[in-house]
file model-v1.cif (mmCIF, C-alpha atoms)
data_structure
loop_
_atom_site.label_atom_id
_atom_site.label_comp_id
_atom_site.auth_asym_id
_atom_site.auth_seq_id
_atom_site.Cartn_x
_atom_site.Cartn_y
_atom_site.Cartn_z
CA MET R 723 45.39 -49.74 42.24
CA GLN R 724 47.52 -47.96 39.67
CA TYR R 725 49.18 -51.24 38.80
CA LEU R 726 45.82 -52.91 38.27
CA ALA R 727 44.63 -50.04 36.11
CA ALA R 728 47.79 -50.22 34.01
CA LEU R 729 47.50 -54.00 33.64
CA ALA R 730 43.82 -53.73 32.69
CA LEU R 731 44.70 -51.14 30.07
CA ALA R 732 47.46 -53.40 28.77
CA PHE R 733 44.97 -56.26 28.48
CA ALA R 734 42.62 -53.87 26.68
CA GLU R 735 45.49 -53.02 24.34
CA ASN R 736 45.47 -49.38 25.31
CA ALA R 737 49.24 -49.24 25.20
CA SER R 738 49.78 -45.52 25.55
CA ARG R 739 47.80 -45.16 28.77
CA ALA R 740 49.21 -48.38 30.22
CA GLN R 741 52.74 -47.24 29.46
CA ALA R 742 52.08 -43.84 31.01
CA LEU R 743 50.87 -45.40 34.23
CA ALA R 744 53.76 -47.86 34.24
CA ALA R 745 56.26 -45.06 33.72
CA ASP R 746 54.75 -43.15 36.60
CA LEU R 747 54.98 -46.24 38.83
CA ALA R 748 58.60 -46.75 37.86
CA LYS R 749 59.42 -43.12 38.60
CA ARG R 750 57.65 -42.98 41.95
CA PHE R 751 58.78 -46.36 43.28
CA PRO R 752 62.33 -46.92 42.03
CA GLU R 753 63.30 -49.04 45.04
CA ASP R 754 60.09 -50.89 45.60
CA THR R 755 60.76 -54.57 45.02
CA VAL R 756 57.18 -55.47 44.26
CA VAL R 757 56.80 -52.65 41.74
CA GLN R 758 60.14 -53.23 40.06
CA PHE R 759 60.14 -57.02 40.05
CA ASN R 760 56.48 -57.88 39.77
CA TYR R 761 54.20 -55.05 38.67
CA LEU R 762 56.28 -53.41 35.95
CA PRO R 763 57.52 -56.60 34.27
CA THR R 764 53.97 -57.92 34.21
CA ILE R 765 52.64 -54.76 32.58
CA HIS R 766 55.49 -54.67 30.07
CA ALA R 767 55.01 -58.36 29.29
CA GLN R 768 51.32 -57.88 28.63
CA LEU R 769 52.07 -54.88 26.43
CA ALA R 770 54.56 -56.95 24.44
CA LEU R 771 51.94 -59.65 24.13
CA SER R 772 49.43 -57.17 22.78
CA HIS R 773 51.97 -56.44 20.07
CA ASN R 774 52.22 -60.17 19.29
CA ASN R 775 55.74 -60.34 20.65
CA SER R 776 55.62 -63.42 22.86
CA SER R 777 59.38 -63.83 23.18
CA GLN R 778 59.78 -60.27 24.43
CA SER R 779 56.93 -60.90 26.84
CA ILE R 780 58.61 -64.00 28.26
CA GLU R 781 61.89 -62.16 28.50
CA ALA R 782 60.27 -59.31 30.41
CA LEU R 783 58.93 -61.78 32.93
CA GLN R 784 62.31 -63.29 33.72
CA ALA R 785 62.72 -60.65 36.40
CA THR R 786 59.62 -61.84 38.20
CA ALA R 787 60.64 -65.50 38.41
CA PRO R 788 61.96 -65.40 42.02
CA TYR R 789 58.74 -63.73 43.12
CA ASP R 790 56.20 -65.61 41.01
CA LEU R 791 54.41 -67.24 43.89
CA GLY R 792 54.92 -64.42 46.33
CA THR R 793 52.17 -62.50 47.98
CA GLU R 794 52.27 -58.85 48.88
CA GLY R 795 50.65 -59.37 52.22
CA ALA R 796 48.46 -61.66 54.22
CA ALA R 797 46.07 -63.49 51.94
CA GLY R 798 42.49 -63.80 53.01
CA GLY R 799 42.16 -60.36 54.50
CA GLY R 800 40.00 -57.51 53.40
CA ALA R 801 42.64 -55.82 51.31
CA PHE R 802 43.14 -56.88 47.72
CA MET R 803 46.49 -58.54 47.19
CA PRO R 804 47.39 -59.27 43.59
CA ALA R 805 48.89 -62.71 43.27
CA LEU R 806 50.34 -64.80 40.45
CA HIS R 807 49.67 -62.26 37.72
CA PRO R 808 53.14 -62.78 36.21
CA VAL R 809 52.45 -66.50 36.03
CA TYR R 810 49.22 -65.93 34.14
CA VAL R 811 50.76 -63.51 31.66
CA ARG R 812 53.72 -65.85 31.11
CA GLY R 813 51.29 -68.66 30.39
CA GLU R 814 49.54 -66.47 27.85
CA ALA R 815 52.89 -65.63 26.27
CA TYR R 816 53.72 -69.30 25.92
CA LEU R 817 50.32 -69.90 24.36
CA ALA R 818 50.96 -67.08 21.90
CA GLY R 819 54.32 -68.66 21.12
CA HIS R 820 52.65 -72.04 20.52
CA GLN R 821 54.47 -73.61 23.47
CA GLY R 822 51.56 -75.54 24.90
CA ASN R 823 53.52 -77.63 27.37
CA GLU R 824 55.20 -74.64 28.98
CA ALA R 825 51.90 -72.77 29.05
CA ALA R 826 50.20 -75.67 30.82
CA VAL R 827 52.86 -75.63 33.53
CA GLU R 828 52.21 -71.96 34.22
CA PHE R 829 48.44 -72.23 34.40
CA GLN R 830 48.67 -75.33 36.57
CA LYS R 831 50.68 -73.25 39.07
CA ILE R 832 47.67 -70.96 39.44
CA LEU R 833 45.29 -73.85 39.96
CA ASP R 834 47.63 -75.36 42.53
CA HIS R 835 47.55 -72.22 44.64
CA ARG R 836 43.87 -71.55 45.20
CA GLY R 837 44.53 -70.34 48.71
CA VAL R 838 46.84 -67.67 47.36
CA VAL R 839 44.88 -66.65 44.28
CA LEU R 840 41.56 -66.57 46.16
CA TYR R 841 39.01 -64.44 44.31
CA GLU R 842 41.19 -63.35 41.42
CA PRO R 843 39.51 -63.94 38.06
CA ILE R 844 42.71 -65.55 36.82
CA GLY R 845 41.89 -68.42 39.17
CA ALA R 846 38.90 -69.29 37.01
CA LEU R 847 40.42 -68.23 33.70
CA ALA R 848 43.41 -70.51 34.32
CA HIS R 849 41.10 -73.47 33.66
CA LEU R 850 40.27 -72.11 30.22
CA GLN R 851 43.87 -71.29 29.41
CA LEU R 852 44.94 -74.73 30.58
CA GLY R 853 42.37 -76.18 28.20
CA ARG R 854 43.85 -74.13 25.40
CA ALA R 855 47.33 -75.34 26.32
CA TYR R 856 46.23 -78.96 26.22
CA ALA R 857 44.41 -78.40 22.96
CA MET R 858 47.61 -76.98 21.54
CA GLN R 859 49.29 -80.26 22.52
CA SER R 860 46.45 -82.20 20.88
CA ASP R 861 45.51 -83.68 24.24
CA THR R 862 41.79 -83.48 23.60
CA ALA R 863 40.65 -85.34 26.70
CA LYS R 864 42.49 -83.07 29.11
CA ALA R 865 41.57 -80.02 27.08
CA ARG R 866 37.91 -80.93 27.20
CA ALA R 867 38.03 -81.48 30.96
CA ALA R 868 39.66 -78.11 31.52
CA TYR R 869 37.13 -76.32 29.29
CA GLN R 870 34.29 -78.05 31.12
CA GLU R 871 35.69 -76.92 34.44
CA PHE R 872 35.80 -73.34 33.27
CA LEU R 873 32.35 -73.41 31.70
CA THR R 874 30.94 -74.89 34.90
CA LEU R 875 32.53 -72.14 36.93
CA TRP R 876 31.08 -69.56 34.56
CA LYS R 877 27.73 -71.27 34.17
CA ASP R 878 25.88 -68.17 35.37
CA ALA R 879 28.33 -65.64 34.05
CA ASP R 880 27.33 -62.56 32.14
CA PRO R 881 26.72 -64.02 28.67
CA ASP R 882 28.32 -61.23 26.71
CA ILE R 883 31.85 -61.50 28.05
CA PRO R 884 34.06 -62.03 24.97
CA ILE R 885 36.31 -64.66 26.56
CA LEU R 886 33.27 -66.71 27.54
CA ILE R 887 31.91 -66.55 24.00
CA ALA R 888 35.30 -67.61 22.68
CA ALA R 889 35.55 -70.44 25.20
CA LYS R 890 32.19 -71.84 24.20
CA ALA R 891 33.12 -71.73 20.53
CA GLU R 892 36.46 -73.42 21.16
CA TYR R 893 34.85 -76.07 23.32
CA ALA R 894 32.31 -76.84 20.60
CA LYS R 895 35.16 -77.50 18.19
CA LEU R 896 36.70 -79.95 20.65
CA GLN R 897 33.58 -82.13 20.73
CA MET X 798 72.12 -67.37 56.64
CA THR X 799 68.71 -66.20 55.63
CA LEU X 800 67.11 -63.01 56.76
CA CYS X 801 64.84 -64.81 59.16
CA GLN X 802 67.63 -66.86 60.62
CA ALA X 803 69.49 -63.65 61.19
CA THR X 804 66.43 -62.24 62.87
CA THR X 805 65.51 -65.12 65.09
CA SER X 806 69.06 -65.69 66.16
CA SER X 807 69.58 -62.08 67.13
CA GLY X 808 67.66 -62.31 70.34
CA VAL X 809 64.56 -60.37 69.50
CA ASN X 810 63.26 -60.51 73.04
CA GLU X 811 66.17 -58.45 74.18
CA GLN X 812 64.65 -55.38 72.57
CA PRO X 813 62.27 -53.18 74.54
CA GLU X 814 58.70 -52.83 73.42
CA ASP X 815 57.71 -50.07 71.06
CA LYS X 816 56.18 -47.41 73.27
CA ALA X 817 55.00 -45.28 70.37
CA ALA X 818 52.74 -47.84 68.75
CA PRO X 819 49.07 -47.79 69.68
CA LYS X 820 47.44 -50.33 71.95
CA GLY X 821 44.20 -52.18 71.51
CA PRO X 822 42.90 -54.74 69.04
CA PRO X 823 44.28 -54.83 65.52
CA SER X 824 42.36 -52.83 62.97
CA SER X 825 41.88 -53.79 59.37
CA PHE X 826 44.48 -53.03 56.76
CA VAL X 827 42.29 -50.56 54.97
CA GLN X 828 41.35 -48.69 58.11
CA HIS X 829 44.80 -48.22 59.41
CA ASP X 830 45.67 -44.69 60.34
CA GLU X 831 48.41 -43.19 58.23
CA LYS X 832 49.97 -41.43 61.17
CA VAL X 833 50.25 -44.69 63.05
CA PHE X 834 51.80 -46.29 60.04
CA LYS X 835 54.42 -43.57 59.75
CA ARG X 836 55.22 -43.73 63.42
CA ARG X 837 55.67 -47.47 63.31
CA THR X 838 57.73 -47.31 60.15
CA THR X 839 60.01 -44.73 61.69
CA SER X 840 60.31 -46.74 64.84
CA ALA X 841 61.17 -49.88 62.91
CA SER X 842 63.70 -47.96 60.86
CA VAL X 843 65.47 -46.95 64.04
CA LEU X 844 65.54 -50.57 65.06
CA ALA X 845 66.92 -51.51 61.69
CA THR X 846 69.74 -49.05 62.18
CA ARG X 847 70.62 -50.70 65.46
CA LYS X 848 70.49 -54.11 63.91
CA ASP X 849 73.17 -53.34 61.36
CA SER X 850 73.72 -56.80 59.98
CA LEU X 851 70.05 -57.52 59.71
CA SER X 852 69.06 -54.25 58.10
CA SER X 853 71.90 -54.27 55.62
CA ARG X 854 70.98 -57.78 54.64
CA ALA X 855 67.36 -56.81 54.22
CA ILE X 856 68.15 -53.75 52.17
CA THR X 857 70.89 -55.10 49.99
CA THR X 858 69.68 -58.62 49.29
CA ARG X 859 67.82 -58.59 46.05
CA SER X 860 65.88 -61.69 46.89
CA SER X 861 64.47 -59.85 49.84
CA VAL X 862 62.62 -56.59 50.08
CA THR X 863 63.87 -53.41 51.68
CA TRP X 864 63.48 -53.00 55.38
CA GLU X 865 60.97 -50.22 54.88
CA ARG X 866 59.03 -52.40 52.55
CA LEU X 867 59.09 -55.33 54.94
CA VAL X 868 57.62 -53.16 57.63
CA ARG X 869 55.06 -51.70 55.28
CA LEU X 870 54.00 -55.16 54.16
CA THR X 871 53.67 -56.79 57.48
CA ASN X 872 53.22 -54.23 60.19
CA PHE X 873 49.67 -53.03 59.64
CA GLY X 874 47.33 -53.54 62.52
CA LEU X 875 49.80 -55.42 64.65
CA ARG X 876 50.23 -55.13 68.36
CA PRO X 877 53.43 -53.40 69.41
CA ILE X 878 55.49 -56.28 70.58
CA ARG X 879 58.97 -56.06 69.24
CA ALA X 880 59.77 -59.75 69.22
CA THR X 881 56.80 -60.65 67.16
CA ARG X 882 57.33 -57.73 64.84
CA PHE X 883 60.79 -58.94 64.02
CA LEU X 884 59.47 -62.36 63.29
CA TRP X 885 56.66 -61.06 61.18
CA THR X 886 58.87 -58.88 59.08
CA CYS X 887 60.42 -62.07 57.80
CA ARG X 888 57.18 -63.13 56.21
CA ALA X 889 57.35 -61.27 52.92
CA PRO X 890 60.62 -62.69 51.56
CA PHE X 891 59.66 -66.12 52.79
CA THR X 892 56.49 -66.26 50.79
CA GLN X 893 58.25 -65.93 47.47
CA SER X 894 58.05 -69.61 46.60
CA SER X 895 55.98 -72.65 47.44
CA ASP X 896 58.67 -74.09 49.65
CA ASN X 897 58.79 -70.85 51.57
CA TYR X 898 55.12 -71.00 52.47
CA ASP X 899 56.08 -73.79 54.84
CA LYS X 900 58.86 -71.66 56.29
CA ALA X 901 56.50 -68.73 56.67
CA LEU X 902 54.04 -70.93 58.50
CA ALA X 903 56.75 -72.06 60.91
CA ILE X 904 57.66 -68.44 61.64
CA GLU X 905 54.08 -67.44 62.14
CA ARG X 906 53.42 -70.33 64.45
CA ASP X 907 56.34 -69.12 66.52
CA ALA X 908 55.02 -65.56 66.40
CA PHE X 909 51.59 -66.81 67.40
CA ARG X 910 53.08 -68.72 70.32
CA ARG X 911 54.77 -65.54 71.52
CA ASP X 912 51.78 -63.28 71.02
CA PRO X 913 48.45 -64.97 70.24
CA GLY X 914 46.80 -61.56 70.34
CA TYR X 915 47.69 -60.67 66.82
CA GLY X 916 48.94 -63.85 65.30
CA TYR X 917 45.61 -65.31 64.26
CA HIS X 918 44.91 -63.58 60.99
CA ASN X 919 48.36 -64.09 59.55
CA LEU X 920 48.49 -67.66 60.76
CA VAL X 921 45.23 -68.28 58.95
CA ALA X 922 46.71 -66.67 55.85
CA SER X 923 49.66 -69.04 55.97
CA TYR X 924 47.38 -72.05 56.19
CA LEU X 925 45.42 -70.70 53.23
CA SER X 926 48.61 -70.25 51.23
CA LEU X 927 49.23 -73.96 51.70
CA ASN X 928 45.61 -74.86 50.88
CA ARG X 929 45.24 -76.24 54.40
CA LEU X 930 41.66 -75.16 54.78
CA GLU X 931 40.76 -77.30 57.78
CA GLU X 932 43.52 -75.81 59.90
CA ALA X 933 42.77 -72.33 58.61
CA GLN X 934 39.13 -72.75 59.57
CA ALA X 935 39.96 -74.11 63.02
CA THR X 936 42.39 -71.27 63.71
CA ALA X 937 39.96 -68.62 62.50
CA GLU X 938 37.09 -70.07 64.52
CA GLU X 939 39.24 -70.11 67.61
CA ALA X 940 40.15 -66.47 66.99
CA ARG X 941 36.51 -65.56 66.50
CA ALA X 942 35.62 -67.24 69.75
CA ARG X 943 38.21 -65.13 71.54
CA ASN X 944 37.55 -61.87 69.75
CA SER X 945 34.47 -61.95 67.60
CA ASN X 946 34.85 -58.32 66.59
CA SER X 947 38.16 -58.67 64.80
CA PRO X 948 37.57 -57.60 61.18
CA ASP X 949 40.57 -59.47 59.82
CA ILE X 950 39.32 -62.75 61.20
CA ARG X 951 35.90 -62.12 59.68
CA PHE X 952 37.50 -61.42 56.33
CA SER X 953 39.52 -64.60 56.67
CA LEU X 954 36.42 -66.60 57.54
CA TYR X 955 34.77 -65.21 54.40
CA SER X 956 37.77 -66.28 52.31
CA ILE X 957 37.77 -69.75 53.82
CA ALA X 958 34.06 -70.10 53.17
CA PHE X 959 34.63 -68.98 49.58
CA LEU X 960 37.32 -71.57 49.05
CA ARG X 961 35.07 -74.26 50.53
CA ASN X 962 32.07 -73.15 48.47
CA ASP X 963 30.27 -72.57 51.75
CA LEU X 964 27.62 -70.03 50.81
CA PRO X 965 25.96 -69.89 54.25
CA GLY X 966 29.39 -69.30 55.78
CA MET X 967 30.02 -66.40 53.43
CA ALA X 968 26.58 -64.97 54.13
CA ARG X 969 27.19 -65.14 57.90
CA GLN X 970 30.23 -62.90 57.64
CA VAL X 971 28.43 -60.46 55.36
CA ALA X 972 25.52 -60.33 57.79
CA TRP X 973 27.92 -59.67 60.64
CA GLY X 974 29.39 -56.70 58.79
CA ALA X 975 26.05 -55.21 57.73
CA GLY X 976 25.75 -51.63 58.86
CA LYS X 977 29.27 -51.46 60.26
CA PRO X 978 31.13 -48.54 58.68
CA GLY X 979 34.46 -49.59 57.24
CA LEU X 980 33.55 -53.26 57.32
CA GLU X 981 30.39 -53.49 55.29
CA ASP X 982 32.06 -52.02 52.24
CA VAL X 983 35.01 -54.40 52.50
CA LEU X 984 32.73 -57.42 52.74
CA LEU X 985 30.67 -56.19 49.82
CA ASP X 986 33.90 -55.79 47.90
CA LEU X 987 34.76 -59.40 48.71
CA GLU X 988 31.32 -60.43 47.51
CA ALA X 989 31.88 -58.58 44.25
CA ASP X 990 35.25 -60.31 43.87
CA ALA X 991 33.62 -63.68 44.49
CA ALA X 992 30.97 -62.98 41.87
CA ALA X 993 33.60 -61.79 39.39
CA TYR X 994 35.44 -65.05 39.91
CA SER X 995 32.52 -66.84 38.30
CA GLY X 996 31.93 -64.31 35.58
CA GLY X 997 29.38 -62.03 37.22
CA TRP X 998 31.11 -58.83 36.29
CA GLY X 999 28.35 -56.48 35.29
CA THR X 1000 25.81 -56.42 38.10
CA PRO X 1001 27.27 -54.96 41.27
CA GLY X 1002 23.91 -53.68 42.42
CA CYS X 1003 22.64 -57.20 42.92
CA PHE X 1004 24.31 -57.67 46.26
CA HIS X 1005 22.10 -57.70 49.27
CA GLY X 1006 19.22 -55.64 48.09
CA GLY X 1007 21.35 -52.95 46.53
CA ARG X 1008 23.40 -52.07 49.59
CA TRP X 1009 26.31 -51.54 47.26
CA LEU X 1010 24.34 -48.77 45.59
CA ARG X 1011 23.50 -47.20 48.93
CA LEU X 1012 27.12 -47.32 50.02
CA SER X 1013 28.26 -45.78 46.80
CA GLY X 1014 25.49 -43.18 46.88
CA ARG X 1015 24.08 -44.27 43.55
CA ARG X 1016 20.69 -45.66 44.49
CA LYS X 1017 18.69 -42.74 43.14
CA ARG X 1018 20.72 -42.30 40.03
CA LYS X 1019 20.99 -45.83 38.77
CA ARG X 1020 19.38 -49.13 39.57
CA PRO X 1021 20.22 -52.58 38.24
CA LYS X 1022 18.20 -53.74 35.28
CA PRO X 1023 15.12 -55.77 36.18
CA GLY X 1024 15.96 -59.42 36.45
CA SER X 1025 19.68 -58.93 36.48
CA GLY X 1026 20.18 -58.88 40.22
CA PRO X 1027 18.55 -61.97 41.66
CA LYS X 1028 19.64 -64.03 38.73
CA ARG X 1029 23.30 -63.36 39.35
CA ARG X 1030 23.24 -62.99 43.07
CA PHE X 1031 25.63 -65.56 44.37
CA ALA X 1032 26.28 -66.74 40.88
CA PHE X 1033 29.04 -68.84 42.30
CA ARG X 1034 26.50 -70.88 44.31
CA ARG X 1035 26.15 -73.41 41.57
CA ALA X 1036 29.59 -73.01 40.18
CA GLY X 1037 31.34 -75.78 42.10
CA MET X 1038 34.45 -73.68 42.19
CA CYS X 1039 36.13 -75.60 44.96
CA SER X 1040 36.72 -78.71 42.98
CA THR X 1041 40.46 -78.10 42.84
#
call {"tool": "encode", "arguments": {"input": "model-v1.cif", "output": "structure tokens"}}
result
Amino acid sequence: MQYLAALALAFAENASRAQALAADLAKRFPEDTVVQFNYLPTIHAQLALSHNNSSQSIEALQATAPYDLGTEGAAGGGAFMPALHPVYVRGEAYLAGHQGNEAAVEFQKILDHRGVVLYEPIGALAHLQLGRAYAMQSDTAKARAAYQEFLTLWKDADPDIPILIAAKAEYAKLQ
Amino acid sequence: MTLCQATTSSGVNEQPEDKAAPKGPPSSFVQHDEKVFKRRTTSASVLATRKDSLSSRAITTRSSVTWERLVRLTNFGLRPIRATRFLWTCRAPFTQSSDNYDKALAIERDAFRRDPGYGYHNLVASYLSLNRLEEAQATAEEARARNSNSPDIRFSLYSIAFLRNDLPGMARQVAWGAGKPGLEDVLLDLEADAAAYSGGWGTPGCFHGGRWLRLSGRRKRKRPKPGSGPKRRFAFRRAGMCST
């Protein structure tokens, strides 16, 4: 839970609180593989991304590479098991670094592992980010298909979510 | 030699059963008693000490997780059969890559063969990890037929239904958990996750006539805005989210 709070704060660009939670995690779980090689790098990568430092973000995520597709427990149970967060953040970092091809590879990993990602919002958002990656590569047809997939998934979404508003605007420009 | 090879080749059946662990059906992860967890962890640590080569490999290999962590990750709600425990503790490092999902499935099939009593849920999870929904469904249904009161299997059936965009299937599991302390809240949480997946982030009170509000004790203080609940209830119904 603390990891998720820290990551959410990092996404919200509340660096000081995210860093405080991350530091506490690092202090309390110095030998925990998941914390050290998944949670903390992901938080640090997102923080770097919020400071527009995509290369530092990608570098931070190098530690997670062996565990990218790992799960913390049995998927499909009642307990929430974060999965593939490093992959999503790395994809975002590549997008920020204008590396559309590399970004597409990352987001496709998420879409290829629906049974692992399950209910995680990144499972739906990966469609949008994949569309952005294709758009960056000027592959309009694939980009449009990915945007459509996301907008279909979020057809009945709360209308005031910023990323949905942005997605609709970007999709309109693709037409 | 991998950790699991070390484990399976070490003759796990030679070890006596864990007398300290509780008997009975597996409970859900979230319900598990902390004292039981500590007792099992301690017990497994003792075993790890005996199995010097295995434990040192588990603790020192960076591509693995520590022995304590392995036990913590995989030992919740499991029946106290040593052989299966050793097999199951191999699961975490094996699920670190796509290729290893196949290896994990092979291990879990073996564990299931040795002890069907607790192998179902994790076997289902392995099938899900490989997107093999038909086999996951068949395994979970078989488990339900044998023990319809297992929470983990119900949660798995909900997940399978979600992945298959099977709204009636999801509703069946929620209905089963209605009014059951410790289960209803978990299923409502899964419902909220499913709604969030399709962008329904702001209306938690919409689920099942506001049971979420009752469970959280907020019914009298705050109600969902008129029109917000039914509109977004099962927002994923029309989302077609299982196209991939």
call {"tool": "atom_distance", "arguments": {"input": "model-v1.cif", "atom1": "CA of Gly845 (chain R)", "atom2": "CA of Gly979 (chain X)"}}
result
27.1 Å
call {"tool": "interface_residues", "arguments": {"input": "model-v1.cif", "of": "chain R", "to": "chain X", "cutoff": "10 Å", "atoms": "all atoms listed in the file", "output": "number ranges by chain"}}
result
R: 753-756, 759, 787-802, 831, 833-847, 871-883, 886
call {"tool": "closest_residue", "arguments": {"input": "model-v1.cif", "among": "R:Leu817, R:Val811, R:Leu852, R:Ala740", "to": "Phe829 (chain R)", "atoms": "all atoms listed in the file"}}
result
R:Leu852
call {"tool": "residues_around", "arguments": {"input": "model-v1.cif", "residues": "Thr786 (chain R)", "least_positions_apart": "5", "cutoff": "9 Å", "atoms": "all atoms listed in the file", "output": "PyMOL selection string"}}
result
chain R and resi 758-761+763-764+808-809
call {"tool": "atom_distance", "arguments": {"input": "model-v1.cif", "atom1": "CA of Leu747 (chain R)", "atom2": "CA of Gln724 (chain R)"}}
result
7.7 Å
call {"tool": "resolve_selection", "arguments": {"input": "model-v1.cif", "expression": "the PyMOL selection byres ((chain R and resi 781) around 10)", "output": "JSON, numbers by chain"}}
result
{"R": [763, 766, 767, 770, 776, 777, 778, 779, 780, 782, 783, 784, 785, 786, 812, 815]}
call {"tool": "atom_distance", "arguments": {"input": "model-v1.cif", "atom1": "CA of Ala825 (chain R)", "atom2": "CA of Gly813 (chain R)"}}
result
4.4 Å
call {"tool": "residues_around", "arguments": {"input": "model-v1.cif", "residues": "Tyr893 (chain R)", "least_positions_apart": "4", "cutoff": "8 Å", "atoms": "only C-alpha atoms", "output": "CSV table (one decimal) with C-alpha atoms, in the coordinates of the input"}}
result
chain,number,residue,atom,x,y,z
R,866,ARG,CA,37.9,-80.9,27.2
R,869,TYR,CA,37.1,-76.3,29.3
R,889,ALA,CA,35.6,-70.4,25.2
R,897,GLN,CA,33.6,-82.1,20.7
call {"tool": "closest_residue", "arguments": {"input": "model-v1.cif", "among": "R:Gln741, R:Gln851, R:Gln830, R:Gln870", "to": "Ala727 (chain R)", "atoms": "all atoms listed in the file"}}
result
R:Gln741
call {"tool": "axis_aligned_box", "arguments": {"input": "model-v1.cif", "around": "region 953-964 of chain X", "padding_each_side": "4 Å", "output": "AutoDock Vina command-line options"}}
result
--center_x 33.6 --center_y -69.4 --center_z 53.0 --size_x 19.9 --size_y 17.7 --size_z 17.1
